[in-house]
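S.K.: My structure is in final17.txt, and what it holds is compact mmCIF, C-alpha atoms:
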```txt
# COMPACT_ATOMS: atom_id res chain seq x y z
CA MET T 1 -64.53 126.64 -1.40
CA SER T 2 -65.26 124.89 1.85
CA ASP T 3 -67.01 121.83 0.37
CA LEU T 4 -65.32 118.48 0.34
CA LEU T 5 -63.56 117.74 -2.95
CA PHE T 6 -63.56 114.35 -4.65
CA LEU T 7 -61.24 113.32 -7.45
CA GLY T 8 -61.59 110.32 -9.72
CA LEU T 9 -58.56 109.02 -11.63
CA ASP T 10 -58.64 106.52 -14.47
CA GLY T 11 -55.11 105.29 -15.18
CA GLY T 12 -54.66 103.40 -18.42
CA GLY T 13 -51.73 102.19 -20.46
CA THR T 14 -51.95 105.13 -22.86
CA LYS T 15 -53.31 107.99 -20.75
CA CYS T 16 -54.53 109.05 -17.33
CA ARG T 17 -57.78 110.98 -16.89
CA ALA T 18 -58.92 112.97 -13.88
CA ARG T 19 -62.30 114.38 -12.83
CA LEU T 20 -62.93 116.71 -9.90
CA ARG T 21 -66.33 117.09 -8.23
CA ASP T 22 -67.46 118.91 -5.09
CA GLY T 23 -69.37 117.34 -2.23
CA ARG T 24 -72.68 117.84 -4.04
CA GLY T 25 -71.41 116.04 -7.12
CA ILE T 26 -71.04 119.15 -9.27
CA LEU T 27 -68.33 118.86 -11.92
CA LEU T 28 -65.47 121.29 -11.30
CA GLY T 29 -62.83 120.23 -13.78
CA GLU T 30 -61.22 117.46 -15.81
CA GLY T 31 -57.70 116.74 -16.98
CA THR T 32 -55.56 114.31 -18.96
CA GLY T 33 -52.03 113.00 -18.50
CA GLY T 34 -49.76 110.43 -20.09
CA PRO T 35 -49.44 106.63 -19.68
CA SER T 36 -50.20 105.35 -16.18
CA ASN T 37 -49.91 101.59 -15.94
CA ILE T 38 -48.60 101.25 -12.38
CA ARG T 39 -47.10 97.81 -13.01
CA LEU T 40 -45.01 98.84 -16.00
CA ASP T 41 -43.72 102.19 -14.71
CA PRO T 42 -44.90 103.52 -11.33
CA ASP T 43 -42.78 106.69 -11.61
CA LEU T 44 -44.32 107.57 -14.97
CA ALA T 45 -47.77 106.77 -13.56
CA TRP T 46 -47.30 109.29 -10.73
CA THR T 47 -46.06 111.92 -13.19
CA SER T 48 -49.03 111.35 -15.50
CA MET T 49 -51.43 111.40 -12.57
CA ARG T 50 -50.13 114.75 -11.32
CA GLU T 51 -50.35 116.17 -14.83
CA ALA T 52 -54.01 115.18 -15.07
CA CYS T 53 -54.70 116.53 -11.56
CA ARG T 54 -53.11 119.89 -12.33
CA GLU T 55 -55.28 120.33 -15.41
CA ALA T 56 -58.46 119.45 -13.50
CA LEU T 57 -57.53 121.83 -10.69
CA ALA T 58 -56.77 124.63 -13.13
CA GLN T 59 -60.21 124.27 -14.70
CA ALA T 60 -61.70 124.55 -11.22
CA GLY T 61 -59.63 127.65 -10.44
CA LEU T 62 -57.65 125.80 -7.77
CA ALA T 63 -53.95 125.39 -7.05
CA GLU T 64 -51.99 122.16 -6.73
CA SER T 65 -51.79 122.78 -2.99
CA ASP T 66 -55.57 122.23 -2.85
CA LEU T 67 -54.95 118.51 -3.40
CA ALA T 68 -54.40 118.35 0.37
CA ARG T 69 -58.18 118.60 0.84
CA VAL T 70 -59.10 116.25 -2.00
CA HIS T 71 -60.32 112.70 -1.39
CA ALA T 72 -59.14 110.70 -4.39
CA GLY T 73 -59.99 107.32 -5.83
CA MET T 74 -58.06 105.72 -8.66
CA GLY T 75 -58.73 102.83 -10.98
CA ALA T 76 -55.38 101.83 -12.46
CA ALA T 77 -54.12 99.46 -15.11
CA GLY T 78 -51.71 97.08 -13.39
CA ALA T 79 -53.37 97.38 -9.98
CA GLY T 80 -54.37 93.72 -10.08
CA GLN T 81 -50.75 92.93 -9.20
CA THR T 82 -50.28 93.30 -5.42
CA SER T 83 -46.55 93.98 -5.75
CA ALA T 84 -47.25 96.78 -8.25
CA VAL T 85 -49.72 98.45 -5.86
CA GLU T 86 -47.20 98.21 -3.00
CA ARG T 87 -44.47 99.82 -5.11
CA PHE T 88 -46.85 102.55 -6.26
CA LEU T 89 -48.08 103.34 -2.75
CA SER T 90 -44.55 103.47 -1.35
CA ARG T 91 -44.40 107.04 -2.70
CA PRO T 92 -46.08 109.81 -0.69
CA HIS T 93 -49.33 111.14 -2.16
CA PRO T 94 -50.62 114.72 -1.92
CA PHE T 95 -54.28 113.94 -1.09
CA ALA T 96 -56.37 114.07 2.08
CA SER T 97 -57.10 110.40 1.37
CA PHE T 98 -56.26 108.12 -1.52
CA SER T 99 -57.74 104.76 -2.47
CA ILE T 100 -56.67 102.63 -5.42
CA ASP T 101 -58.16 99.58 -7.10
CA THR T 102 -58.11 98.10 -10.57
CA ASP T 103 -59.47 100.06 -13.51
CA ALA T 104 -61.92 97.19 -13.95
CA HIS T 105 -63.35 97.66 -10.45
CA THR T 106 -63.90 101.39 -10.87
CA ALA T 107 -65.42 100.91 -14.32
CA TRP T 108 -67.82 98.38 -12.79
CA LEU T 109 -68.66 100.76 -9.93
CA GLY T 110 -69.52 103.44 -12.46
CA ALA T 111 -71.47 101.13 -14.75
CA PHE T 112 -73.59 99.30 -12.19
CA GLY T 113 -73.08 101.18 -8.92
CA GLY T 114 -72.00 97.97 -7.24
CA GLY T 115 -74.97 95.95 -8.53
CA ASP T 116 -75.23 92.89 -10.78
CA GLY T 117 -73.47 93.16 -14.12
CA ALA T 118 -70.08 92.96 -15.76
CA ILE T 119 -67.76 95.24 -17.68
CA LEU T 120 -65.31 94.60 -20.48
CA ILE T 121 -62.49 97.13 -20.81
CA VAL T 122 -60.90 97.25 -24.25
CA GLY T 123 -58.09 99.78 -24.58
CA THR T 124 -54.33 99.41 -24.56
CA GLY T 125 -55.03 96.30 -22.47
CA SER T 126 -58.21 94.32 -21.89
CA CYS T 127 -59.95 92.94 -18.83
CA GLY T 128 -63.34 91.62 -17.80
CA TYR T 129 -64.85 92.03 -14.34
CA GLY T 130 -68.18 91.60 -12.62
CA GLY T 131 -70.80 89.07 -11.63
CA ALA T 132 -73.97 88.78 -9.59
CA ALA T 133 -75.15 88.47 -5.98
CA GLY T 134 -72.08 90.26 -4.66
CA GLN T 135 -69.68 87.75 -6.21
CA CYS T 136 -67.33 89.48 -8.65
CA HIS T 137 -64.63 87.84 -10.72
CA TYR T 138 -61.77 88.99 -12.95
CA VAL T 139 -61.40 87.43 -16.38
CA GLY T 140 -58.19 88.25 -18.23
CA GLY T 141 -56.25 91.42 -17.63
CA TRP T 142 -52.98 89.71 -16.74
CA GLY T 143 -50.86 91.92 -19.00
CA TYR T 144 -50.39 91.99 -22.76
CA GLU T 145 -47.37 89.69 -22.54
CA ILE T 146 -49.55 86.68 -21.65
CA SER T 147 -53.15 87.92 -21.65
CA ASP T 148 -55.25 90.99 -22.63
CA GLU T 149 -56.87 89.32 -25.64
CA GLY T 150 -58.45 91.71 -28.12
CA SER T 151 -56.63 94.74 -26.71
CA GLY T 152 -54.80 97.41 -28.66
CA ALA T 153 -51.46 96.01 -27.50
CA ALA T 154 -52.43 92.48 -28.57
CA ILE T 155 -53.67 93.72 -31.96
CA GLY T 156 -50.48 95.71 -32.54
CA ARG T 157 -48.21 92.85 -31.51
CA GLU T 158 -50.03 90.39 -33.78
CA ALA T 159 -50.06 92.89 -36.65
CA LEU T 160 -46.27 93.14 -36.47
CA ARG T 161 -45.98 89.36 -36.41
CA ARG T 162 -48.19 88.98 -39.47
CA ALA T 163 -46.35 91.75 -41.32
CA ILE T 164 -43.10 89.83 -40.79
CA TRP T 165 -44.83 86.73 -42.19
CA ALA T 166 -45.70 88.73 -45.29
CA HIS T 167 -42.10 89.96 -45.58
CA ASP T 168 -40.87 86.34 -45.41
CA GLY T 169 -43.39 85.20 -48.02
CA ARG T 170 -45.23 83.01 -45.50
CA ALA T 171 -48.42 85.04 -45.93
CA PRO T 172 -49.79 87.27 -48.70
CA SER T 173 -48.70 90.90 -48.69
CA THR T 174 -51.55 93.40 -48.24
CA PRO T 175 -51.75 97.20 -48.00
CA LEU T 176 -51.83 96.83 -44.21
CA SER T 177 -48.71 94.66 -44.00
CA GLN T 178 -46.96 97.07 -46.37
CA ALA T 179 -47.97 100.08 -44.24
CA ILE T 180 -46.68 98.41 -41.08
CA LEU T 181 -43.35 97.42 -42.62
CA ALA T 182 -42.97 100.92 -44.05
CA GLU T 183 -43.06 102.26 -40.47
CA PHE T 184 -39.69 100.54 -40.01
CA GLY T 185 -38.20 101.37 -43.41
CA ASN T 186 -39.10 97.87 -44.65
CA GLU T 187 -36.28 96.54 -42.48
CA PRO T 188 -37.18 93.61 -40.19
CA GLU T 189 -34.03 94.26 -38.16
CA ALA T 190 -35.32 97.75 -37.35
CA THR T 191 -38.57 96.12 -36.19
CA VAL T 192 -36.64 93.81 -33.87
CA ASP T 193 -34.71 96.77 -32.41
CA TRP T 194 -38.01 98.59 -31.80
CA VAL T 195 -39.62 95.56 -30.14
CA GLY T 196 -36.76 95.40 -27.65
CA LYS T 197 -37.78 98.80 -26.26
CA ALA T 198 -41.52 98.88 -26.95
CA ARG T 199 -44.21 99.26 -24.30
CA SER T 200 -47.81 98.14 -24.48
CA SER T 201 -48.88 101.64 -25.55
CA ASP T 202 -46.38 101.52 -28.43
CA TYR T 203 -47.94 98.33 -29.77
CA ALA T 204 -51.43 99.75 -29.26
CA ARG T 205 -50.83 102.68 -31.59
CA PHE T 206 -51.06 100.25 -34.52
CA ALA T 207 -54.64 99.26 -33.60
CA PRO T 208 -56.33 102.25 -35.33
CA LEU T 209 -54.37 101.47 -38.50
CA VAL T 210 -55.58 97.86 -38.37
CA LEU T 211 -59.20 98.97 -37.88
CA GLN T 212 -58.97 101.43 -40.78
CA HIS T 213 -57.71 98.73 -43.12
CA ALA T 214 -60.32 96.26 -41.91
CA GLU T 215 -63.03 98.78 -42.86
CA ARG T 216 -61.43 98.94 -46.33
CA ARG T 217 -61.73 95.13 -46.54
CA ASP T 218 -58.00 94.54 -46.34
CA PRO T 219 -57.71 90.75 -45.80
CA LEU T 220 -55.08 91.07 -43.07
CA GLY T 221 -57.04 93.84 -41.34
CA ILE T 222 -60.20 91.75 -41.33
CA ASP T 223 -58.32 88.71 -40.05
CA LEU T 224 -56.72 90.68 -37.21
CA VAL T 225 -59.94 92.39 -36.10
CA SER T 226 -61.85 89.10 -36.26
CA TRP T 227 -59.10 87.48 -34.21
CA ALA T 228 -59.32 90.28 -31.62
CA ALA T 229 -63.13 90.04 -31.46
CA HIS T 230 -62.90 86.29 -30.90
CA GLY T 231 -60.61 86.85 -27.91
CA LEU T 232 -62.94 89.47 -26.45
CA ALA T 233 -65.96 87.21 -26.99
CA GLY T 234 -64.27 84.53 -24.88
CA ILE T 235 -63.86 86.98 -21.99
CA ALA T 236 -67.43 88.25 -22.33
CA ALA T 237 -68.93 84.75 -22.51
CA ARG T 238 -67.16 83.73 -19.32
CA LEU T 239 -68.54 86.78 -17.49
CA LEU T 240 -72.08 85.98 -18.63
CA ASP T 241 -71.61 82.33 -17.62
CA LEU T 242 -70.67 83.55 -14.13
CA GLY T 243 -74.13 85.09 -13.80
CA ALA T 244 -73.74 88.68 -15.00
CA PRO T 245 -77.11 89.68 -16.53
CA ALA T 246 -75.63 92.43 -18.71
CA LEU T 247 -72.35 93.75 -20.01
CA CYS T 248 -70.93 97.27 -20.47
CA LEU T 249 -68.07 98.16 -22.78
CA PHE T 250 -65.32 100.56 -21.72
CA GLY T 251 -62.10 101.77 -23.31
CA GLY T 252 -61.20 103.43 -26.57
CA LEU T 253 -61.50 100.22 -28.61
CA GLY T 254 -64.76 99.00 -27.07
CA GLU T 255 -67.15 100.64 -29.52
CA PRO T 256 -64.95 100.19 -32.63
CA LEU T 257 -64.74 96.45 -31.98
CA ARG T 258 -68.36 96.04 -30.89
CA PRO T 259 -69.73 95.37 -34.42
CA TRP T 260 -67.25 92.51 -34.79
CA LEU T 261 -68.47 90.66 -31.68
CA PRO T 262 -70.84 87.67 -32.01
CA PRO T 263 -74.58 88.58 -31.91
CA PRO T 264 -75.26 86.85 -28.52
CA ILE T 265 -72.56 88.99 -26.92
CA GLN T 266 -73.82 92.16 -28.59
CA LYS T 267 -77.33 91.50 -27.27
CA ALA T 268 -76.02 91.47 -23.69
CA ILE T 269 -74.39 94.92 -24.00
CA VAL T 270 -76.13 97.83 -22.23
CA PRO T 271 -75.13 101.47 -21.66
CA PRO T 272 -73.32 102.15 -18.35
CA ALA T 273 -75.02 104.24 -15.68
CA ALA T 274 -71.79 106.24 -15.34
CA ASP T 275 -68.20 106.02 -16.50
CA ALA T 276 -64.99 104.80 -14.87
CA LEU T 277 -64.07 108.26 -13.60
CA ASP T 278 -67.29 108.55 -11.62
CA GLY T 279 -66.67 104.99 -10.45
CA ALA T 280 -63.29 106.14 -9.12
CA ILE T 281 -65.04 109.01 -7.33
CA ILE T 282 -67.37 106.47 -5.70
CA LEU T 283 -64.24 104.62 -4.55
CA GLY T 284 -62.74 107.82 -3.15
CA ARG T 285 -65.97 108.78 -1.34
CA ALA T 286 -66.23 105.35 0.25
CA ALA T 287 -62.63 105.53 1.48
CA SER T 288 -63.14 109.02 2.95
CA GLU T 289 -66.22 107.85 4.85
CA ARG T 290 -64.22 105.05 6.46
CA ARG T 291 -61.65 107.46 7.84
CA PRO T 292 -61.84 108.06 11.62
```
If you took the structure in this file and wrote it as structure tokens, what would it be?
M.R.:
Amino acid sequence: MSDLLFLGLDGGGTKCRARLRDGRGILLGEGTGGPSNIRLDPDLAWTSMREACREALAQAGLAESDLARVHAGMGAAGAGQTSAVERFLSRPHPFASFSIDTDAHTAWLGAFGGGDGAILIVGTGSCGYGGAAGQCHYVGGWGYEISDEGSGAAIGREALRRAIWAHDGRAPSTPLSQAILAEFGNEPEATVDWVGKARSSDYARFAPLVLQHAERRDPLGIDLVSWAAHGLAGIAARLLDLGAPALCLFGGLGEPLRPWLPPPIQKAIVPPAADALDGAIILGRAASERRP
């Protein structure tokens, strides 16, 4: 193959995805790796990224050495933190060129091709991004410790808190609170030990359980999902107030939480023109064209 190769990477808190296209835009291969939040663990992010790249290359019938002729773009969770990007880029990369931006920016590039509109990412973390007339703004996305409302990590963290309330008798026990406590042998001390080591992706794994119980009309499940939707609605409303004419949802929890959003927000949601991986490829193409 003599064509130029372009790779898009979407690095999230739970997994990293890769997509390889040739210079004509033809899909050659895709791959998946592990967690890749560059702020939380840059070494793990590089490992996950290489794992996803190897799988995409293998599908294309290429070797890892072929990365030397690949122009790559990456949208990464944690890339909104300048210090995190600097630490991440201090390691040598294997590509012909490599450009990185936030996962929000690449999702927006894919959704609107750089035009007017906004995106709301709802996965392990959450973040809003977009605007109109060339003026884009971030809303949220400052990390699950202080931000990321409505995200899987936020849902999981709050679910654990409410389960402890139920254990203490400060809130009614429900099948959901019982299921969460059972994960830790019904021992709050075991929960505290787990929290001391937990990452955002660990909290996020409780989100599907919460959604399942909400669908079964579990009172705690409904309360948690409604709480998450309220947080997401606040992000979405701010983006629309900033002039975005439409909104696209991204991330594994976007569609599951969509029915819980207020009707005015739901009416603003449109399908994206392309996904975050193709947005990352747009980023990589742009960077390669700027090279001397």
S.K.: I want to know what sits within 8 Å of segment 121-132 of chain T, based on all atoms listed in the file, with residues of the same chain fewer than 5 positions away left out; could you give that as a ChimeraX atom specification?
M.R.: /T:12-14,104-105,108,115-116,137-144,148-154,200-201,204,235-236,239-240,242-245,249-254
S.K.: Applying 7 Å and all atoms listed in the file, which residues near segment 260-262 of chain T remain after dropping the ones on its own chain fewer than 2 positions away? List them as a PyMOL selection string.
M.R.: chain T and resi 226+229+233+257-258+264-266
S.K.: Could you check which of T:Leu247, T:Gly23, T:Gly279, T:Leu28 is closest to Lys267 of chain T, using all atoms listed in the file?
M.R.: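 The shortest atom-to-atom distance to Lys267 of chain T comes from T:Leu247.
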S.K.: Compare T:Ala77, T:Leu120, T:Leu109, T:Val192 by their minimum atom-to-atom distance to Pro42 of chain T, counting all atoms listed in the file, and give me the closest one.
M.R.: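 Smallest distance to Pro42 of chain T is found for T:Ala77.
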S.K.: What's around Ser97 of chain T at 12 Å? Count all atoms listed in the file, leave out sequence neighbours fewer than 4 positions away in its own chain, and write the answer as a list of chain:residue names.
M.R.: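 Near neighbours after the sequence-gap exclusion: T:Leu4, T:Leu5, T:Phe6, T:Leu7, T:Gly8, T:Leu67, T:Ala68, T:Arg69, T:Val70, T:His71, T:Ala72, T:Gly73, T:Met74, T:Pro92, T:His93, T:Ile281, T:Leu283, T:Gly284, T:Arg285, T:Ala286, T:Ala287, T:Ser288, T:Glu289, T:Arg290, T:Arg291, T:Pro292.
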S.K.: In Å, how far is it from atom CA of Leu181 of chain T to atom CA of Phe206 of chain T?
M.R.: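 Between these atoms lies a distance of 11.5 Å.
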S.K.: For a quick check of understanding, using all atoms listed in the file, which of T:Gly231, T:Asp218, T:Ala171, T:Leu9 has the smallest distance to Ala107 of chain T?
M.R.: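 Between T:Gly231, T:Asp218, T:Ala171, T:Leu9, the residue approaching Ala107 of chain T most closely is T:Leu9.
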S.K.: Hey, can you check how far atom CA of Trp194 of chain T sits from atom CA of Ile146 of chain T?
M.R.: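 Interatomic distance, atom CA of Trp194 of chain T to atom CA of Ile146 of chain T: 19.4 Å.
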S.K.: Give me, as a tab-separated table (two decimals) with C-alpha atoms, keeping the file's coordinate frame, all polymer residues having an atom no more than 12 Å from Ser173 of chain T, counting all atoms listed in the file and skipping those fewer than 3 positions away in the same chain.
M.R.:
```tsv
chain	number	residue	atom	x	y	z
T	162	ARG	CA	-48.19	88.98	-39.47
T	163	ALA	CA	-46.35	91.75	-41.32
T	164	ILE	CA	-43.10	89.83	-40.79
T	165	TRP	CA	-44.83	86.73	-42.19
T	166	ALA	CA	-45.70	88.73	-45.29
T	167	HIS	CA	-42.10	89.96	-45.58
T	168	ASP	CA	-40.87	86.34	-45.41
T	169	GLY	CA	-43.39	85.20	-48.02
T	170	ARG	CA	-45.23	83.01	-45.50
T	176	LEU	CA	-51.83	96.83	-44.21
T	177	SER	CA	-48.71	94.66	-44.00
T	178	GLN	CA	-46.96	97.07	-46.37
T	179	ALA	CA	-47.97	100.08	-44.24
T	180	ILE	CA	-46.68	98.41	-41.08
T	181	LEU	CA	-43.35	97.42	-42.62
T	218	ASP	CA	-58.00	94.54	-46.34
T	219	PRO	CA	-57.71	90.75	-45.80
T	220	LEU	CA	-55.08	91.07	-43.07
T	221	GLY	CA	-57.04	93.84	-41.34
```
S.K.: By how many Å are atom CA of Ser36 of chain T and atom CA of Ala63 of chain T apart?
M.R.: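 If I compute the distance from atom CA of Ser36 of chain T to atom CA of Ala63 of chain T, I get 22.3 Å.
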S.K.: Quick one: residues within 8 Å of Ala84 of chain T, all atoms listed in the file counted, chain neighbours fewer than 3 positions away excluded, as a VMD selection string?
M.R.: chain T and resid 38 to 39 42 78 to 81 87 to 88
